[in-house]
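Student: Contents of my_file.txt (compact mmCIF, C-alpha atoms) are given next:
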```txt
# COMPACT_ATOMS: atom_id res chain seq x y z
CA MET A 19 20.10 20.89 -1.65
CA SER A 20 17.98 20.17 -4.73
CA PHE A 21 14.81 22.23 -5.15
CA LEU A 22 12.82 19.15 -6.16
CA ASN A 23 14.13 17.23 -3.15
CA VAL A 24 12.20 19.73 -1.01
CA VAL A 25 9.15 20.56 -3.14
CA LEU A 26 8.16 17.00 -4.06
CA PRO A 27 8.20 15.66 -0.47
CA LEU A 28 6.31 18.75 0.70
CA GLY A 29 3.67 18.24 -1.99
CA SER A 30 3.40 14.54 -1.12
CA SER A 31 3.05 15.28 2.59
CA VAL A 32 0.41 17.99 2.22
CA LEU A 33 -1.61 15.91 -0.23
CA SER A 34 -1.36 12.87 2.05
CA PHE A 35 -2.84 14.72 5.01
CA VAL A 36 -5.59 16.32 2.92
CA PHE A 37 -6.37 12.91 1.45
CA ALA A 38 -6.41 11.33 4.91
CA ALA A 39 -8.82 14.01 6.16
CA LEU A 40 -11.22 13.32 3.28
CA VAL A 41 -11.11 9.58 3.86
CA LEU A 42 -11.64 10.07 7.60
CA ASP A 43 -14.66 12.23 6.81
CA GLN A 44 -16.03 9.45 4.63
CA TRP A 45 -15.43 6.97 7.45
CA TRP A 46 -17.28 9.30 9.83
CA GLN A 47 -20.26 9.31 7.44
CA ARG A 48 -20.29 5.63 6.48
CA ARG A 49 -18.21 3.81 9.14
CA HIS A 50 -16.54 1.32 6.82
CA SER A 51 -13.42 -0.24 8.34
CA PHE A 52 -11.40 0.00 5.13
CA GLN A 53 -11.71 3.79 5.13
CA LEU A 54 -10.33 4.09 8.67
CA VAL A 55 -7.39 1.79 7.93
CA TRP A 56 -6.63 3.59 4.66
CA ALA A 57 -6.67 6.89 6.55
CA VAL A 58 -4.05 5.50 8.94
CA GLY A 59 -1.93 4.49 5.94
CA LEU A 60 -2.25 7.95 4.42
CA VAL A 61 -1.23 9.61 7.68
CA CYS A 62 1.84 7.35 7.67
CA TYR A 63 2.52 8.48 4.09
CA GLY A 64 2.30 12.10 5.20
CA LEU A 65 4.64 11.54 8.14
CA SER A 66 7.22 9.75 6.01
CA THR A 67 7.24 12.34 3.24
CA GLY A 68 7.06 15.11 5.84
CA ALA A 69 10.25 13.73 7.34
CA GLU A 70 11.83 13.91 3.88
CA PHE A 71 10.81 17.57 3.62
CA LEU A 72 12.19 18.39 7.07
CA GLY A 73 15.39 16.51 6.34
CA GLY A 74 15.82 18.38 3.08
CA THR A 75 15.27 21.80 4.65
CA LEU A 76 16.64 21.49 8.18
CA GLY A 77 19.13 18.68 7.72
CA TRP A 78 18.84 14.99 8.51
CA SER A 79 18.97 14.27 12.22
CA SER A 80 18.75 10.73 13.56
CA SER A 81 15.17 11.38 14.76
CA ILE A 82 13.96 12.54 11.34
CA TYR A 83 15.76 9.64 9.71
CA ARG A 84 14.12 7.10 12.02
CA VAL A 85 10.64 8.56 11.41
CA TRP A 86 11.22 8.42 7.67
CA TYR A 87 12.25 4.77 7.75
CA LEU A 88 9.63 3.51 10.20
CA PHE A 89 6.64 5.02 8.43
CA GLY A 90 7.91 4.79 4.86
CA ALA A 91 9.59 1.39 4.79
CA PHE A 92 7.26 -0.49 7.14
CA LEU A 93 3.89 1.11 7.75
CA VAL A 94 2.66 2.89 4.60
CA PRO A 95 2.33 -0.18 2.34
CA ALA A 96 1.21 -2.40 5.21
CA TYR A 97 -1.74 -0.25 6.31
CA LEU A 98 -2.86 0.63 2.79
CA GLY A 99 -2.78 -3.07 1.94
CA ALA A 100 -4.69 -3.95 5.12
CA GLY A 101 -7.34 -1.42 4.16
CA THR A 102 -7.72 -3.15 0.81
CA LEU A 103 -8.20 -6.49 2.56
CA TYR A 104 -10.96 -4.91 4.65
CA LEU A 105 -12.60 -3.67 1.46
CA LEU A 106 -12.49 -7.18 0.00
CA LYS A 107 -13.25 -9.00 3.26
CA LYS A 108 -16.27 -10.79 1.75
CA THR A 109 -14.08 -12.41 -0.91
CA ARG A 110 -11.29 -14.97 -0.68
CA PHE A 111 -8.68 -12.25 -1.19
CA GLY A 112 -7.09 -13.28 2.10
CA TYR A 113 -5.47 -16.21 0.32
CA PHE A 114 -3.60 -13.79 -1.95
CA VAL A 115 -2.55 -11.62 1.00
CA ALA A 116 -1.34 -14.70 2.87
CA ALA A 117 0.71 -15.83 -0.12
CA SER A 118 2.18 -12.32 -0.51
CA ILE A 119 3.26 -12.18 3.13
CA ALA A 120 4.80 -15.66 2.93
CA LEU A 121 6.63 -14.63 -0.25
CA GLY A 122 7.90 -11.55 1.56
CA GLY A 123 9.27 -13.79 4.30
CA LEU A 124 11.15 -15.85 1.74
CA PHE A 125 12.58 -12.68 0.19
CA SER A 126 13.65 -11.55 3.67
CA LEU A 127 15.67 -14.71 4.08
CA ALA A 128 17.15 -14.37 0.60
CA ALA A 129 18.15 -10.76 1.34
CA THR A 130 20.35 -11.85 4.25
CA ALA A 131 23.05 -12.72 1.72
CA LYS A 132 23.39 -8.98 1.01
CA TYR A 133 23.53 -7.80 4.63
CA PRO A 134 26.17 -9.42 6.89
CA GLY A 135 24.89 -10.27 10.35
CA SER A 136 21.24 -10.27 9.30
CA THR A 137 20.70 -14.05 9.20
CA GLY A 138 18.84 -14.14 12.52
CA GLY A 139 16.58 -11.31 11.39
CA GLY A 140 15.88 -13.07 8.12
CA TYR A 141 14.86 -16.34 9.77
CA THR A 142 12.74 -14.49 12.33
CA ALA A 143 10.99 -12.50 9.60
CA LEU A 144 10.35 -15.70 7.65
CA ALA A 145 8.94 -17.51 10.69
CA VAL A 146 6.61 -14.66 11.65
CA ALA A 147 5.53 -14.19 8.03
CA LEU A 148 4.66 -17.88 7.69
CA VAL A 149 2.67 -17.86 10.94
CA ALA A 150 0.78 -14.73 9.86
CA ALA A 151 0.14 -16.17 6.40
CA ALA A 152 -1.16 -19.43 7.85
CA ALA A 153 -3.47 -17.59 10.25
CA ILE A 154 -4.89 -15.33 7.51
CA ALA A 155 -5.39 -18.27 5.14
CA THR A 156 -7.11 -20.28 7.87
CA ALA A 157 -9.43 -17.39 8.71
CA THR A 158 -10.24 -16.98 5.02
CA ALA A 159 -11.14 -20.66 4.75
CA LEU A 160 -13.16 -20.99 7.96
CA ARG A 161 -14.67 -17.56 8.68
CA ARG A 162 -14.07 -15.22 5.79
CA GLU A 163 -15.29 -12.13 7.63
CA LEU A 164 -12.39 -12.51 10.09
CA GLN A 165 -9.54 -12.52 7.56
CA ALA A 166 -8.94 -8.77 7.72
CA HIS A 167 -9.17 -8.70 11.53
CA VAL A 168 -6.55 -11.45 11.78
CA ALA A 169 -4.24 -9.58 9.41
CA MET A 170 -4.75 -6.37 11.38
CA ALA A 171 -3.90 -8.10 14.67
CA PHE A 172 -0.55 -9.22 13.24
CA LEU A 173 0.02 -5.78 11.74
CA VAL A 174 -0.61 -3.92 15.00
CA ALA A 175 1.70 -6.29 16.88
CA GLY A 176 4.31 -5.92 14.15
CA THR A 177 3.99 -2.13 14.28
CA LEU A 178 4.81 -2.11 17.99
CA VAL A 179 7.80 -4.41 17.54
CA VAL A 180 9.39 -2.68 14.54
CA GLY A 181 8.62 0.71 16.07
CA GLY A 182 10.73 -0.18 19.07
CA LEU A 183 13.48 -1.66 16.92
CA VAL A 184 13.70 1.32 14.55
CA LEU A 185 13.68 3.90 17.34
CA THR A 186 16.44 2.14 19.30
CA ALA A 187 18.62 0.76 16.49
CA HIS A 188 22.27 1.78 16.37
CA LEU A 189 22.84 3.87 13.24
CA THR A 190 26.10 3.63 11.33
CA GLY A 191 26.91 4.95 7.89
CA ARG A 192 25.34 7.51 5.62
CA TYR A 193 21.74 8.70 5.61
CA LEU A 194 21.71 10.04 2.04
CA ASP A 195 22.82 9.05 -1.42
CA SER A 196 25.97 11.07 -2.08
CA ALA A 197 24.94 12.02 -5.63
CA THR A 198 21.19 12.74 -5.39
CA HIS A 199 20.86 13.45 -1.63
CA VAL A 200 17.88 11.10 -1.46
CA PRO A 201 17.55 9.22 1.86
CA VAL A 202 18.67 5.60 1.83
CA ALA A 203 18.39 2.95 4.52
CA ALA A 204 22.14 2.25 4.63
CA ALA A 205 22.57 3.48 8.22
CA PHE A 206 20.19 0.87 9.66
CA PRO A 207 21.45 -2.59 10.67
CA GLY A 208 20.85 -5.43 8.25
CA TYR A 209 18.35 -7.27 10.44
CA LEU A 210 15.97 -4.30 10.20
CA ARG A 211 16.39 -3.93 6.46
CA VAL A 212 15.47 -7.55 5.78
CA SER A 213 12.57 -7.36 8.26
CA SER A 214 10.81 -4.68 6.20
CA VAL A 215 10.23 -6.98 3.22
CA PRO A 216 7.06 -8.79 4.43
CA PHE A 217 5.47 -5.43 5.29
CA ASN A 218 6.24 -4.14 1.80
CA ALA A 219 5.38 -7.31 -0.09
CA GLY A 220 2.19 -8.13 1.77
CA GLY A 221 0.85 -4.58 1.79
CA GLY A 222 2.07 -3.42 -1.59
CA LEU A 223 0.87 -6.48 -3.50
CA ALA A 224 -2.48 -6.38 -1.68
CA LEU A 225 -3.03 -2.76 -2.67
CA VAL A 226 -2.03 -3.21 -6.32
CA PHE A 227 -3.78 -6.50 -7.00
CA GLY A 228 -6.75 -5.64 -4.80
CA ALA A 229 -7.36 -2.59 -6.97
CA LEU A 230 -7.02 -4.66 -10.15
CA TYR A 231 -9.40 -7.27 -8.76
CA SER A 232 -11.91 -4.53 -7.96
CA ALA A 233 -11.62 -3.29 -11.55
CA TYR A 234 -12.27 -6.81 -12.81
CA ILE A 235 -15.42 -7.08 -10.70
CA TYR A 236 -16.98 -4.06 -12.40
CA MET A 237 -15.76 -4.36 -16.00
CA PRO A 238 -17.81 -6.13 -18.69
CA LYS A 239 -16.43 -9.65 -18.68
CA LYS A 240 -15.32 -12.06 -21.33
CA ARG A 241 -14.72 -15.41 -19.68
CA VAL A 242 -12.20 -17.56 -21.50
CA VAL A 243 -11.75 -19.69 -18.38
CA PRO A 244 -14.85 -20.94 -16.50
CA ALA A 245 -15.63 -19.05 -13.28
CA ARG A 246 -15.72 -22.35 -11.39
CA MET A 247 -11.92 -22.42 -11.67
CA GLY A 248 -11.88 -19.71 -8.99
CA ALA A 249 -8.71 -17.65 -8.64
CA LEU A 250 -7.12 -19.39 -11.63
CA ALA A 251 -9.78 -17.86 -13.87
CA ILE A 252 -9.32 -14.25 -12.77
CA ILE A 253 -6.04 -13.38 -14.50
CA PRO A 254 -6.84 -14.75 -18.00
CA ASN A 255 -10.40 -13.43 -17.81
CA PHE A 256 -9.14 -10.00 -16.70
CA PHE A 257 -6.90 -9.63 -19.75
CA ALA A 258 -9.56 -11.08 -22.05
CA SER A 259 -12.04 -8.51 -20.73
CA LEU A 260 -9.79 -5.47 -21.27
CA PRO A 261 -10.75 -4.85 -24.94
CA GLY A 262 -14.42 -4.83 -23.99
CA ALA A 263 -13.69 -2.44 -21.13
CA VAL A 264 -11.88 -0.07 -23.50
CA THR A 265 -14.82 -0.18 -25.91
CA ALA A 266 -17.26 0.53 -23.07
CA LEU A 267 -15.08 3.43 -21.93
CA ILE A 268 -15.08 4.98 -25.41
CA GLN A 269 -18.86 4.59 -25.57
CA GLY A 270 -19.28 6.14 -22.13
CA LYS A 271 -20.80 2.96 -20.70
CA LEU A 272 -17.98 1.80 -18.45
CA ASN A 273 -18.58 1.82 -14.70
CA SER A 274 -16.48 4.65 -13.25
CA ARG A 275 -15.01 2.28 -10.69
CA VAL A 276 -13.02 0.48 -13.38
CA PRO A 277 -10.74 3.38 -14.43
CA ALA A 278 -10.70 4.55 -10.81
CA THR A 279 -9.33 1.29 -9.45
CA ILE A 280 -6.87 0.91 -12.33
CA LEU A 281 -5.53 4.38 -11.47
CA ILE A 282 -5.19 3.27 -7.86
CA ALA A 283 -3.30 0.14 -8.92
CA VAL A 284 -0.89 2.10 -11.12
CA GLY A 285 -0.48 4.73 -8.42
CA ALA A 286 0.38 2.06 -5.87
CA LEU A 287 2.83 0.43 -8.25
CA VAL A 288 4.82 3.58 -9.09
CA PRO A 289 6.26 4.35 -5.61
CA GLY A 290 6.70 0.63 -5.03
CA VAL A 291 8.95 0.44 -8.07
CA THR A 292 10.92 3.61 -7.29
CA SER A 293 11.32 2.55 -3.64
CA SER A 294 12.66 -0.83 -4.77
CA LEU A 295 15.05 0.91 -7.15
CA ASN A 296 16.21 3.05 -4.23
CA ARG A 297 17.30 -0.15 -2.46
CA PHE A 298 19.55 -0.97 -5.43
CA GLY A 299 21.13 2.47 -5.70
CA VAL A 300 18.83 4.02 -8.34
CA THR A 301 17.72 7.02 -6.28
CA TRP A 302 16.92 9.84 -8.72
CA SER A 303 13.28 8.80 -9.20
CA PHE A 304 12.44 8.24 -5.52
CA PHE A 305 10.71 11.53 -4.62
CA LEU A 306 9.05 11.80 -8.03
CA GLY A 307 7.64 8.28 -7.72
CA GLU A 308 6.20 9.05 -4.28
CA PHE A 309 4.45 12.17 -5.53
CA LEU A 310 3.14 10.81 -8.84
CA GLY A 311 1.95 7.61 -7.22
CA LEU A 312 0.00 9.50 -4.57
CA VAL A 313 -1.54 11.82 -7.17
CA LEU A 314 -2.74 8.84 -9.23
CA ILE A 315 -4.23 7.14 -6.16
CA PHE A 316 -5.91 10.41 -5.13
CA VAL A 317 -7.47 10.87 -8.57
CA GLY A 318 -8.58 7.25 -8.56
CA PHE A 319 -10.28 7.64 -5.20
CA LEU A 320 -12.00 10.85 -6.29
CA VAL A 321 -13.39 9.08 -9.34
CA SER A 322 -14.40 5.99 -7.37
CA GLU A 323 -18.03 5.89 -6.29
CA ASP A 324 -17.09 3.31 -3.65
CA VAL A 325 -15.14 5.78 -1.58
CA PHE A 326 -16.18 9.32 -2.39
CA ARG A 327 -19.91 9.82 -2.73
CA ASN A 328 -19.74 13.28 -1.17
CA VAL A 329 -16.93 15.83 -1.06
CA ARG A 330 -17.21 17.81 2.16
CA LEU A 331 -15.40 20.46 4.11
CA GLY A 332 -17.67 20.65 7.10
CA THR A 333 -20.65 20.68 4.76
CA THR A 334 -21.36 18.90 1.50
CA LEU A 335 -19.77 20.69 -1.47
CA TRP A 336 -20.53 18.04 -4.08
CA SER A 337 -22.43 14.78 -4.09
CA ARG A 338 -23.05 11.79 -6.34
CA ALA A 339 -26.14 9.64 -6.45
CA PRO A 340 -25.69 6.45 -4.38
CA SER A 341 -25.05 3.14 -6.09
CA ALA A 342 -24.13 -0.38 -5.10
CA SER A 343 -20.89 -0.48 -3.14
CA LEU A 344 -17.96 -2.74 -3.85
CA GLU A 345 -18.60 -4.54 -0.56
CA SER A 346 -22.11 -5.47 -1.70
CA GLU A 347 -20.93 -6.49 -5.16
CA VAL A 348 -18.36 -8.96 -3.85
CA GLY A 349 -20.49 -10.25 -1.02
```
Can you present the structure in this file as C-alpha cells?
Tutor:
Amino acid sequence: MSFLNVVLPLGSSVLSFVFAALVLDQWWQRRHSFQLVWAVGLVCYGLSTGAEFLGGTLGWSSSIYRVWYLFGAFLVPAYLGAGTLYLLKKTRFGYFVAASIALGGLFSLAATAKYPGSTGGGYTALAVALVAAAAIATATALRRELQAHVAMAFLVAGTLVVGGLVLTAHLTGRYLDSATHVPVAAAFPGYLRVSSVPFNAGGGLALVFGALYSAYIYMPKKRVVPARMGALAIIPNFFASLPGAVTALIQGKLNSRVPATILIAVGALVPGVTSSLNRFGVTWSFFLGEFLGLVLIFVGFLVSEDVFRNVRLGTTLWSRAPSASLESEVG
C-alpha cells in the first residue's frame, strides 16, 4: 500500500466536504441554484475520493468499488457541469452543453470497439445523449431560463438509471492497477464503461469552458472579431484579450473574478486529464490529479467574488464588499 495512495484521497475527501459545506452555507445565504448543484457535485467528489481512501486502508470490497465508480465516473463531472449551466443560465451556454453531450454520445459509440459486448450500450448512450442535447438546445432557443432545468431533469433521471446499473452490475476482473494500486474500471461490464462518457464530456467540458467564458466576461476585451458573430467571436477575442488581462493583473486593475475562474478551469481540467489517462493505463497521476485539481478549484472559488462574499463558520469570519454578480453581468 502506497502512502500517497492513502493520504491524497483522504485530503481530497476532507477538502471536498469542507468545500461543500462552505458552498451550502453560501446557498443558504443567497439561494442561487448553481451553489446548491455545485454542493451536490462536491459531495459526490468527497464520496468518490473517500471510497478511494477506504479502499486503500481497509481493502477494496465490491461495495467500495461500486461507490467509487458511480460517484467518480458518472456524477462528479455531471453535477459540477450542471451547476455551471445554472450559473450561466441567462446566456446561450446551453448550446455548448448540448453539443458537448452529443459529442459524448458519439464517443460512447466509438468506444464500443474497445469493449466487446458493449454495442447496445453505446447506441443507447448515443440515443439518450442526442435526445438530451436536442432538448437543452431547444430550451436555450425558446426559453433560455429553462435550459438548466431541462439539463437537470435529464441528469436526475440518468443518475437513477446508472445508479441502479452500477449497484447491480456483475463484476469480473481486477479492481486495481497491478503496478500502482490505483483503482481502474476494468471490473465493470463494457456497456457501463461506454455509458459514462456523456456524463464526463457534458459535465467536464461545461465546467472548464464555463469557467473560461466567465473569465472572458470580466477581462478587459480586445475584439478582433465583431461581437455580432456571437459564439464564433468568443474564442479569438478571448485569446486576443489575454495580453491586456495580464497587463491589468500586473497593474492591480484586473477584476478578481478573472484569475479566479481561470484557476477553476485549470483545476477542472487537471483531474479530467488524469482520469482520462487512467482509462488508457497511465495510472500514476490519478490521485495527484484529483487532489491538485480540487485545490485549484477551491482557491479559485475563494478568490471569486461571485461565490464567496462571506466566509462563515456559524458566524461571519470575513466579508467582502458586495459587487455585481456574474448572473447580473451575463443577463
Student: Given the choices A:Phe309, A:Tyr236, A:Phe92, A:Phe35, which gets closest to Ser322 in chain A if the distance is worked out from all atoms listed in the file?
Tutor: A:Tyr236
Student: May I ask for the distance between CA of Tyr234 in chain A and CA of Asn255 in chain A, given in Å to one decimal place?
Tutor: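 Value for the CA of Tyr234 in chain A-CA of Asn255 in chain A distance: 8.5 Å.
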Student: Return the single residue from A:Val212, A:Met237, A:Val226, A:Val179 that is closest to Tyr133 in chain A, with distances computed using all atoms listed in the file.
Tutor: A:Val212
Student: Just checking: using all atoms listed in the file, which residue out of A:Gly73, A:Gly135, A:Gly222, A:Gly228 ends up closest to Thr109 in chain A?
Tutor: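 Between A:Gly73, A:Gly135, A:Gly222, A:Gly228, the residue approaching Thr109 in chain A most closely is A:Gly228.
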Student: Would you list the residues near (-9.6, -14.5, 5.0), meaning any protein, DNA or RNA residue with an atom at most 9 Å from that point in file coordinates, counting only C-alpha atoms, as an NGL selection string?
Tutor: :A and (103 or 107-113 or 115-116 or 153-169)
Student: Show which residues sit within 12 Å of Thr75 in chain A, as a VMD selection string. Count all atoms listed in the file, and ignore same-chain residues fewer than 3 positions away.
Tutor: chain A and resid 19 to 25 27 to 28 68 to 72 78 to 79 82 199
Student: Within 7 Å of (-1.6, 8.9, 2.8) (file coordinates; all atoms listed in the file), which protein or nucleic acid residues are there? I'd like them as a list in words.
Tutor: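 Checked against the point, the hits come out as Ser34, Phe35, Phe37, Ala38, Ala57, Gly59, Leu60, Val61, Cys62, Tyr63 and Gly64 of chain A.
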Student: Please provide the set of residues having any atom within 10 Å of Ser259 in chain A, restricted to all atoms listed in the file, with same-chain residues fewer than 4 positions apart removed, written as an MDAnalysis selection string.
Tutor: chainID A and resid 234 237:242 253:255 263:264
Student: Once you add 6 Å to each side, what are the centre and edge lengths of the axis-aligned box holding all listed atoms of range 188-204 of chain A? One decimal in Å, as lines of an AutoDock Vina configuration file, if you can.
Tutor:
```
center_x = 22.2
center_y = 7.6
center_z = 5.4
size_x = 21.4
size_y = 23.7
size_z = 34.0
```
Student: When distances are computed from all atoms listed in the file, which of A:Ser80, A:Ser213, A:Ser274, A:Asn218 shows the smallest separation from Pro289 in chain A?
Tutor: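 Ranked by minimum distance to Pro289 in chain A, first place goes to A:Asn218.
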Student: Restore N, CA and C atoms in range 232-259 of chain A and list the result as a JSON list (two decimals), in the coordinates of the input.
Tutor:
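This went into result-v8.json:
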```
[["chain", "number", "residue", "atom", "x", "y", "z"],
["A", 232, "SER", "N", -10.71, -5.36, -8.02],
["A", 232, "SER", "CA", -11.91, -4.53, -7.96],
["A", 232, "SER", "C", -12.31, -4.05, -9.35],
["A", 233, "ALA", "N", -11.32, -3.69, -10.17],
["A", 233, "ALA", "CA", -11.62, -3.29, -11.55],
["A", 233, "ALA", "C", -12.25, -4.44, -12.32],
["A", 234, "TYR", "N", -11.73, -5.63, -12.12],
["A", 234, "TYR", "CA", -12.27, -6.81, -12.81],
["A", 234, "TYR", "C", -13.72, -7.06, -12.43],
["A", 235, "ILE", "N", -14.05, -6.85, -11.16],
["A", 235, "ILE", "CA", -15.42, -7.08, -10.70],
["A", 235, "ILE", "C", -16.41, -6.24, -11.50],
["A", 236, "TYR", "N", -16.03, -5.00, -11.80],
["A", 236, "TYR", "CA", -16.98, -4.06, -12.40],
["A", 236, "TYR", "C", -16.88, -3.94, -13.92],
["A", 237, "MET", "N", -15.86, -4.50, -14.54],
["A", 237, "MET", "CA", -15.76, -4.36, -16.00],
["A", 237, "MET", "C", -16.62, -5.40, -16.70],
["A", 238, "PRO", "N", -17.09, -5.11, -17.93],
["A", 238, "PRO", "CA", -17.81, -6.13, -18.69],
["A", 238, "PRO", "C", -16.88, -7.30, -18.97],
["A", 239, "LYS", "N", -17.33, -8.50, -18.69],
["A", 239, "LYS", "CA", -16.43, -9.65, -18.68],
["A", 239, "LYS", "C", -16.56, -10.52, -19.92],
["A", 240, "LYS", "N", -15.39, -11.00, -20.34],
["A", 240, "LYS", "CA", -15.32, -12.06, -21.33],
["A", 240, "LYS", "C", -14.59, -13.21, -20.67],
["A", 241, "ARG", "N", -15.30, -14.29, -20.43],
["A", 241, "ARG", "CA", -14.72, -15.41, -19.68],
["A", 241, "ARG", "C", -14.17, -16.46, -20.64],
["A", 242, "VAL", "N", -12.85, -16.53, -20.69],
["A", 242, "VAL", "CA", -12.20, -17.56, -21.50],
["A", 242, "VAL", "C", -11.89, -18.78, -20.64],
["A", 243, "VAL", "N", -11.93, -18.60, -19.33],
["A", 243, "VAL", "CA", -11.75, -19.69, -18.38],
["A", 243, "VAL", "C", -12.99, -19.72, -17.50],
["A", 244, "PRO", "N", -13.62, -20.87, -17.28],
["A", 244, "PRO", "CA", -14.85, -20.94, -16.50],
["A", 244, "PRO", "C", -14.67, -20.38, -15.09],
["A", 245, "ALA", "N", -15.69, -19.67, -14.61],
["A", 245, "ALA", "CA", -15.63, -19.05, -13.28],
["A", 245, "ALA", "C", -15.44, -20.08, -12.18],
["A", 246, "ARG", "N", -15.85, -21.32, -12.43],
["A", 246, "ARG", "CA", -15.72, -22.35, -11.39],
["A", 246, "ARG", "C", -14.26, -22.68, -11.08],
["A", 247, "MET", "N", -13.35, -22.21, -11.93],
["A", 247, "MET", "CA", -11.92, -22.42, -11.67],
["A", 247, "MET", "C", -11.40, -21.49, -10.58],
["A", 248, "GLY", "N", -12.24, -20.58, -10.10],
["A", 248, "GLY", "CA", -11.88, -19.71, -8.99],
["A", 248, "GLY", "C", -10.79, -18.72, -9.35],
["A", 249, "ALA", "N", -9.78, -18.63, -8.46],
["A", 249, "ALA", "CA", -8.71, -17.65, -8.64],
["A", 249, "ALA", "C", -7.94, -17.87, -9.93],
["A", 250, "LEU", "N", -7.85, -19.11, -10.39],
["A", 250, "LEU", "CA", -7.12, -19.39, -11.63],
["A", 250, "LEU", "C", -7.78, -18.75, -12.84],
["A", 251, "ALA", "N", -9.07, -18.44, -12.73],
["A", 251, "ALA", "CA", -9.78, -17.86, -13.87],
["A", 251, "ALA", "C", -9.64, -16.35, -13.93],
["A", 252, "ILE", "N", -9.27, -15.71, -12.83],
["A", 252, "ILE", "CA", -9.32, -14.25, -12.77],
["A", 252, "ILE", "C", -8.32, -13.60, -13.72],
["A", 253, "ILE", "N", -7.06, -14.05, -13.69],
["A", 253, "ILE", "CA", -6.04, -13.38, -14.50],
["A", 253, "ILE", "C", -6.32, -13.49, -16.00],
["A", 254, "PRO", "N", -6.55, -14.70, -16.56],
["A", 254, "PRO", "CA", -6.84, -14.75, -18.00],
["A", 254, "PRO", "C", -8.13, -14.02, -18.36],
["A", 255, "ASN", "N", -9.14, -14.11, -17.52],
["A", 255, "ASN", "CA", -10.40, -13.43, -17.81],
["A", 255, "ASN", "C", -10.26, -11.91, -17.71],
["A", 256, "PHE", "N", -9.38, -11.45, -16.82],
["A", 256, "PHE", "CA", -9.14, -10.00, -16.70],
["A", 256, "PHE", "C", -8.57, -9.46, -18.01],
["A", 257, "PHE", "N", -7.52, -10.12, -18.52],
["A", 257, "PHE", "CA", -6.90, -9.63, -19.75],
["A", 257, "PHE", "C", -7.83, -9.81, -20.95],
["A", 258, "ALA", "N", -8.61, -10.88, -20.95],
["A", 258, "ALA", "CA", -9.56, -11.08, -22.05],
["A", 258, "ALA", "C", -10.66, -10.04, -22.03],
["A", 259, "SER", "N", -10.96, -9.49, -20.86],
["A", 259, "SER", "CA", -12.04, -8.51, -20.73],
["A", 259, "SER", "C", -11.59, -7.08, -21.02]]
```
